[in-house]
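Text of model_37.pdb, listed as PDB, C-alpha atoms and all ligand atoms:
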```
ATOM      1  CA  MET E   1     114.117 125.971  66.517
ATOM      2  CA  SER E   2     117.113 123.828  67.532
ATOM      3  CA  SER E   3     120.360 125.317  68.769
ATOM      4  CA  ASN E   4     122.044 124.017  65.588
ATOM      5  CA  GLU E   5     119.587 125.977  63.418
ATOM      6  CA  ASP E   6     120.142 129.070  65.567
ATOM      7  CA  SER E   7     123.852 128.762  65.085
ATOM      8  CA  THR E   8     123.521 128.269  61.306
ATOM      9  CA  ASN E   9     121.309 131.334  60.949
ATOM     10  CA  GLU E  10     123.708 133.397  63.016
ATOM     11  CA  ASN E  11     126.642 132.321  60.823
ATOM     12  CA  ARG E  12     124.696 133.242  57.657
ATOM     13  CA  SER E  13     123.911 136.713  59.027
ATOM     14  CA  ARG E  14     127.511 137.249  59.990
ATOM     15  CA  ARG E  15     128.698 136.221  56.487
ATOM     16  CA  ARG E  16     126.241 138.656  54.874
ATOM     17  CA  PHE E  17     127.494 141.446  57.132
ATOM     18  CA  ILE E  18     131.153 140.720  56.376
ATOM     19  CA  THR E  19     130.462 140.585  52.619
ATOM     20  CA  GLY E  20     128.757 143.975  52.848
ATOM     21  CA  LEU E  21     131.709 145.460  54.666
ATOM     22  CA  THR E  22     134.152 144.101  52.086
ATOM     23  CA  SER E  23     132.216 145.616  49.176
ATOM     24  CA  ALA E  24     131.949 148.990  50.876
ATOM     25  CA  ALA E  25     135.663 149.039  51.678
ATOM     26  CA  TRP E  26     136.494 148.420  48.028
ATOM     27  CA  ALA E  27     134.171 151.170  46.878
ATOM     28  CA  VAL E  28     135.653 153.774  49.211
ATOM     29  CA  GLY E  29     139.244 152.662  49.245
ATOM     30  CA  ALA E  30     139.790 151.830  45.623
ATOM     31  CA  GLY E  31     139.551 155.216  44.146
ATOM     32  CA  PHE E  32     136.374 157.149  43.637
ATOM     33  CA  SER E  33     138.008 160.340  42.579
ATOM     34  CA  VAL E  34     135.111 162.629  43.259
ATOM     35  CA  THR E  35     131.765 161.262  44.405
ATOM     36  CA  PRO E  36     131.424 157.804  45.919
ATOM     37  CA  PHE E  37     128.453 155.716  44.892
ATOM     38  CA  VAL E  38     127.600 152.067  45.028
ATOM     39  CA  LEU E  39     129.445 149.898  42.545
ATOM     40  CA  SER E  40     127.600 147.414  40.396
ATOM     41  CA  MET E  41     128.541 144.160  42.054
ATOM     42  CA  ASN E  42     127.542 141.621  39.400
ATOM     43  CA  PRO E  43     128.377 138.813  39.327
ATOM     44  CA  SER E  44     129.064 137.323  42.746
ATOM     45  CA  ALA E  45     132.394 137.807  44.480
ATOM     46  CA  ARG E  46     133.193 134.120  43.982
ATOM     47  CA  ALA E  47     132.552 134.357  40.227
ATOM     48  CA  LYS E  48     134.673 137.486  39.967
ATOM     49  CA  ASN E  49     137.595 135.811  41.665
ATOM     50  CA  ALA E  50     137.329 133.054  39.085
ATOM     51  CA  GLY E  51     137.703 135.619  36.326
ATOM     52  CA  ALA E  52     134.102 136.192  35.281
ATOM     53  CA  PRO E  53     133.315 139.422  33.420
ATOM     54  CA  VAL E  54     132.120 142.315  35.575
ATOM     55  CA  GLU E  55     129.305 144.688  34.670
ATOM     56  CA  PHE E  56     129.656 148.327  35.592
ATOM     57  CA  ASP E  57     126.948 150.965  35.301
ATOM     58  CA  PHE E  58     128.648 154.329  34.892
ATOM     59  CA  SER E  59     125.498 156.402  34.494
ATOM     60  CA  LYS E  60     126.350 158.316  37.674
ATOM     61  CA  LEU E  61     129.920 158.969  36.594
ATOM     62  CA  GLN E  62     130.191 162.599  35.524
ATOM     63  CA  LEU E  63     132.597 163.850  32.860
ATOM     64  CA  GLY E  64     136.049 164.010  34.420
ATOM     65  CA  GLN E  65     135.274 161.437  37.096
ATOM     66  CA  MET E  66     136.914 158.077  37.588
ATOM     67  CA  VAL E  67     136.294 154.892  39.503
ATOM     68  CA  LYS E  68     138.206 151.673  39.992
ATOM     69  CA  VAL E  69     136.306 148.428  39.537
ATOM     70  CA  GLU E  70     137.660 145.051  40.600
ATOM     71  CA  TRP E  71     138.104 142.433  37.878
ATOM     72  CA  ARG E  72     140.083 139.214  38.414
ATOM     73  CA  GLY E  73     141.328 140.684  41.688
ATOM     74  CA  GLN E  74     142.884 143.658  39.900
ATOM     75  CA  PRO E  75     141.789 147.302  39.816
ATOM     76  CA  VAL E  76     140.363 148.513  36.520
ATOM     77  CA  VAL E  77     140.058 152.238  35.883
ATOM     78  CA  VAL E  78     136.845 153.521  34.325
ATOM     79  CA  LEU E  79     137.342 157.203  33.468
ATOM     80  CA  ARG E  80     135.074 159.572  31.572
ATOM     81  CA  ARG E  81     137.467 162.006  29.935
ATOM     82  CA  THR E  82     136.524 165.619  29.273
ATOM     83  CA  PRO E  83     137.225 167.320  25.911
ATOM     84  CA  GLU E  84     140.167 169.064  27.608
ATOM     85  CA  MET E  85     141.552 165.710  28.748
ATOM     86  CA  MET E  86     141.093 164.281  25.250
ATOM     87  CA  SER E  87     142.900 167.156  23.550
ATOM     88  CA  GLY E  88     145.780 166.777  26.018
ATOM     89  CA  LEU E  89     146.474 163.295  24.618
ATOM     90  CA  SER E  90     147.907 164.709  21.386
ATOM     91  CA  ASP E  91     149.857 167.404  23.252
ATOM     92  CA  VAL E  92     152.067 164.833  24.983
ATOM     93  CA  THR E  93     152.791 162.517  22.033
ATOM     94  CA  ASN E  94     156.457 163.521  21.754
ATOM     95  CA  LEU E  95     157.038 162.820  25.435
ATOM     96  CA  LEU E  96     155.828 159.223  25.295
ATOM     97  CA  ALA E  97     157.875 156.030  24.950
ATOM     98  CA  ASP E  98     155.231 154.178  22.880
ATOM     99  CA  PRO E  99     152.624 156.692  21.663
ATOM    100  CA  ASP E 100     151.175 154.245  19.117
ATOM    101  CA  SER E 101     150.984 151.387  21.639
ATOM    102  CA  VAL E 102     152.778 148.982  19.283
ATOM    103  CA  GLY E 103     154.480 147.165  22.164
ATOM    104  CA  SER E 104     151.544 147.267  24.527
ATOM    105  CA  VAL E 105     148.556 145.101  25.355
ATOM    106  CA  GLN E 106     145.126 146.201  24.158
ATOM    107  CA  PRO E 107     142.334 144.825  21.984
ATOM    108  CA  THR E 108     142.413 145.996  18.347
ATOM    109  CA  TYR E 109     139.419 148.309  18.906
ATOM    110  CA  ALA E 110     141.516 150.197  21.474
ATOM    111  CA  LEU E 111     144.607 150.486  19.283
ATOM    112  CA  ASN E 112     144.358 154.254  18.811
ATOM    113  CA  ALA E 113     145.612 157.366  20.588
ATOM    114  CA  ALA E 114     142.731 157.376  23.075
ATOM    115  CA  ARG E 115     143.123 153.607  23.607
ATOM    116  CA  ALA E 116     139.355 153.254  23.664
ATOM    117  CA  ASP E 117     136.336 152.225  21.630
ATOM    118  CA  THR E 118     136.098 154.775  18.803
ATOM    119  CA  ASP E 119     132.320 155.127  19.324
ATOM    120  CA  ARG E 120     132.836 156.110  22.966
ATOM    121  CA  ASN E 121     136.451 157.180  23.078
ATOM    122  CA  ASP E 122     135.912 159.465  26.077
ATOM    123  CA  VAL E 123     135.523 156.323  28.227
ATOM    124  CA  LEU E 124     138.849 154.817  29.279
ATOM    125  CA  VAL E 125     138.753 151.237  30.597
ATOM    126  CA  MET E 126     142.247 150.236  31.713
ATOM    127  CA  LEU E 127     144.024 147.964  34.150
ATOM    128  CA  SER E 128     145.447 150.166  36.896
ATOM    129  CA  VAL E 129     148.634 148.136  37.121
ATOM    130  CA  CYS E 130     152.038 149.694  36.497
ATOM    131  CA  THR E 131     153.984 147.833  33.812
ATOM    132  CA  HIS E 132     157.231 148.174  35.753
ATOM    133  CA  LEU E 133     156.653 146.001  38.827
ATOM    134  CA  GLY E 134     152.902 146.006  39.239
ATOM    135  CA  CYS E 135     152.025 148.781  41.680
ATOM    136  CA  SER E 136     148.749 150.627  41.167
ATOM    137  CA  PRO E 137     149.395 154.164  39.893
ATOM    138  CA  VAL E 138     147.652 157.163  41.419
ATOM    139  CA  GLU E 139     145.333 159.202  39.226
ATOM    140  CA  LYS E 140     146.391 162.754  38.427
ATOM    141  CA  LEU E 141     143.311 163.954  36.615
ATOM    142  CA  ALA E 142     143.771 167.707  36.863
ATOM    143  CA  VAL E 143     145.308 169.575  33.962
ATOM    144  CA  GLY E 144     148.010 171.958  35.197
ATOM    145  CA  PRO E 145     151.103 171.972  37.407
ATOM    146  CA  ASP E 146     151.563 168.858  39.501
ATOM    147  CA  PRO E 147     154.504 167.967  41.763
ATOM    148  CA  GLU E 148     154.875 164.510  40.234
ATOM    149  CA  MET E 149     153.551 164.996  36.700
ATOM    150  CA  GLY E 150     155.332 168.285  35.993
ATOM    151  CA  GLU E 151     154.625 171.955  35.416
ATOM    152  CA  ASP E 152     152.684 171.486  32.212
ATOM    153  CA  SER E 153     150.788 168.326  33.106
ATOM    154  CA  LYS E 154     147.881 167.329  30.879
ATOM    155  CA  GLY E 155     146.742 164.859  33.522
ATOM    156  CA  GLY E 156     147.691 161.221  33.801
ATOM    157  CA  PHE E 157     148.703 158.547  36.274
ATOM    158  CA  PHE E 158     151.734 158.491  38.562
ATOM    159  CA  CYS E 159     153.209 155.340  40.061
ATOM    160  CA  PRO E 160     154.368 156.052  43.611
ATOM    161  CA  CYS E 161     156.655 152.998  43.766
ATOM    162  CA  HIS E 162     159.432 154.133  41.400
ATOM    163  CA  GLY E 163     158.054 157.211  39.673
ATOM    164  CA  SER E 164     156.702 155.996  36.327
ATOM    165  CA  LYS E 165     154.307 158.388  34.613
ATOM    166  CA  PHE E 166     151.483 157.654  32.188
ATOM    167  CA  ASP E 167     149.133 159.919  30.245
ATOM    168  CA  LEU E 168     145.335 159.813  30.429
ATOM    169  CA  ALA E 169     145.294 156.902  27.978
ATOM    170  CA  GLY E 170     147.745 154.909  30.095
ATOM    171  CA  ARG E 171     150.648 155.538  27.695
ATOM    172  CA  VAL E 172     153.995 155.578  29.424
ATOM    173  CA  TYR E 173     156.316 158.567  29.352
ATOM    174  CA  LYS E 174     159.945 158.307  28.233
ATOM    175  CA  ASN E 175     162.761 157.984  30.771
ATOM    176  CA  VAL E 176     160.819 156.279  33.559
ATOM    177  CA  PRO E 177     161.256 152.726  34.922
ATOM    178  CA  ALA E 178     158.202 151.300  33.111
ATOM    179  CA  ASN E 179     158.596 150.846  29.358
ATOM    180  CA  LYS E 180     155.129 149.663  28.333
ATOM    181  CA  ASN E 181     151.745 151.304  28.345
ATOM    182  CA  MET E 182     149.246 149.995  30.869
ATOM    183  CA  ASP E 183     147.049 147.154  29.599
ATOM    184  CA  ILE E 184     143.547 147.629  28.229
ATOM    185  CA  PRO E 185     141.295 144.643  29.047
ATOM    186  CA  PRO E 186     138.607 143.343  26.691
ATOM    187  CA  TYR E 187     135.294 145.125  27.229
ATOM    188  CA  GLN E 188     132.051 145.975  25.506
ATOM    189  CA  PHE E 189     129.119 148.289  25.983
ATOM    190  CA  LEU E 190     125.920 146.454  26.891
ATOM    191  CA  ASN E 191     123.984 149.681  26.467
ATOM    192  CA  GLU E 192     124.611 153.425  26.686
ATOM    193  CA  ASN E 193     125.574 153.301  30.346
ATOM    194  CA  VAL E 194     126.725 149.794  31.116
ATOM    195  CA  ILE E 195     130.022 148.184  30.223
ATOM    196  CA  LEU E 196     131.040 144.588  30.580
ATOM    197  CA  ILE E 197     134.696 144.285  31.586
ATOM    198  CA  GLY E 198     136.469 141.078  30.645
ATOM    199  CA  ASP E 199     134.265 140.021  27.738
ATOM    200  CA  ASP E 200     134.048 141.509  24.236
ATOM    201  CA  SER E 201     132.543 138.481  22.511
ATOM    202  CA  ALA E 202     129.394 140.313  21.391
ATOM    203  CA  ARG E 203     131.247 143.099  19.656
ATOM    204  CA  VAL E 204     130.681 143.549  15.960
ATOM    205  CA  SER E 205     133.946 145.456  15.477
TER     206      SER E 205
HETATM  207  S1  LIG M 301     156.093 149.584  39.942
HETATM  208 FE1  LIG M 301     155.524 151.444  39.002
HETATM  209  S2  LIG M 301     157.369 152.465  38.697
HETATM  210 FE2  LIG M 301     157.966 150.608  39.584
END
```

Could you take the file, read its structure, and then write that structure out as structure tokens?
Amino acid sequence: MSSNEDSTNENRSRRRFITGLTSAAWAVGAGFSVTPFVLSMNPSARAKNAGAPVEFDFSKLQLGQMVKVEWRGQPVVVLRRTPEMMSGLSDVTNLLADPDSVGSVQPTYALNAARADTDRNDVLVMLSVCTHLGCSPVEKLAVGPDPEMGEDSKGGFFCPCHGSKFDLAGRVYKNVPANKNMDIPPYQFLNENVILIGDDSARVS
């Protein structure tokens, strides 16, 4: 084998290693709330950067657990909400700036209190981008007193940049810097456990 071939093979190995490290860093650093596991990484990183839809298999996500998946270079929350989390959504209606999401961005199938597909409304798929100036809010999934969310928190998301608060459907509270709910991207279920983020073209409703 020539020295050029040696060098090419070495470069390929190094690229594979660096790609592996990048994926792992995203999986750990971008917000497994409870148990880390390997993200579905389809399609390729290059395709994702170009805006291709991203598949995510949430079969290992337990009720009450959340993960952030990268789509178009932005973090997308995938959260399986418990019955307690779901009932908390109606408890906070009067505290919200836009409870019916009339001024917010979501597909029509997510224009409801849960801001989710009515057939699987426990599953929240939402851009984790604050509508004030674009920071990524921190998840506050526990129901109960929380230093940022308040004494009677029903769970939600807190933006550490300027203190905006959102409920567990990404709806913004009154009297905070943000004035819009967080965006819901297009998505569809490919089967019981797999969602496709960024493409809802095969939906029938
Ligand atoms: S960017 Fe979130 S409150 Fe300002």

- Task: Name the residues that the PyMOL selection byres (((not hetatm)) within 6 of (chain M and resi 301)) picks from the file above, as a PyMOL selection string, using the file's chain letters and numbers.
- Result: chain E and resi 130+132-135+159+161-164+177-178

- Query: Quick one: distance from atom CA of E:Leu89 to atom CA of E:Lys180 in Å, one decimal?
  - Reply: 16.6 Å

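Comparing the minimum interatomic distances between E:Asp167 and each of E:Val92, E:Val143, E:Val194, E:Val102, counting all atoms listed in the file, we find that E:Val92 sits nearest.
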
- Message: I'd like the neighbourhood of stretch 109-119 of chain E as a VMD selection string, where a residue qualifies if any of its atoms comes within 9 Å (using all atoms listed in the file), though same-chain residues fewer than 2 positions away should be ignored.
- Response: chain E and resid 86 89 to 90 93 99 to 102 106 to 107 121 to 126 168 to 171 184 188 205

- Message: Taking the file as I've supplied it (selection: the PyMOL selection byres (((chain E and resi 181) around 8) and not hetatm)), which residues are included? Please answer as a PyMOL selection string.
- Response: chain E and resi 98+101+103-105+131+166+170-172+179-180+182-183

- Message: Report, in Å to a single decimal, how far apart atom CA of E:Val176 and atom CA of E:Lys154 are.
- Response: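 Between these atoms lies a distance of 17.2 Å.
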
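Closest approach to E:Ser153 among E:Glu70, E:Asp57, E:Asp91, E:Asp199: E:Asp91, based on all atoms listed in the file.
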
- Message: Report, in Å with one decimal, the straight-line distance from atom CA of E:Tyr173 to atom CA of E:Asn94.
- Response: 9.1 Å
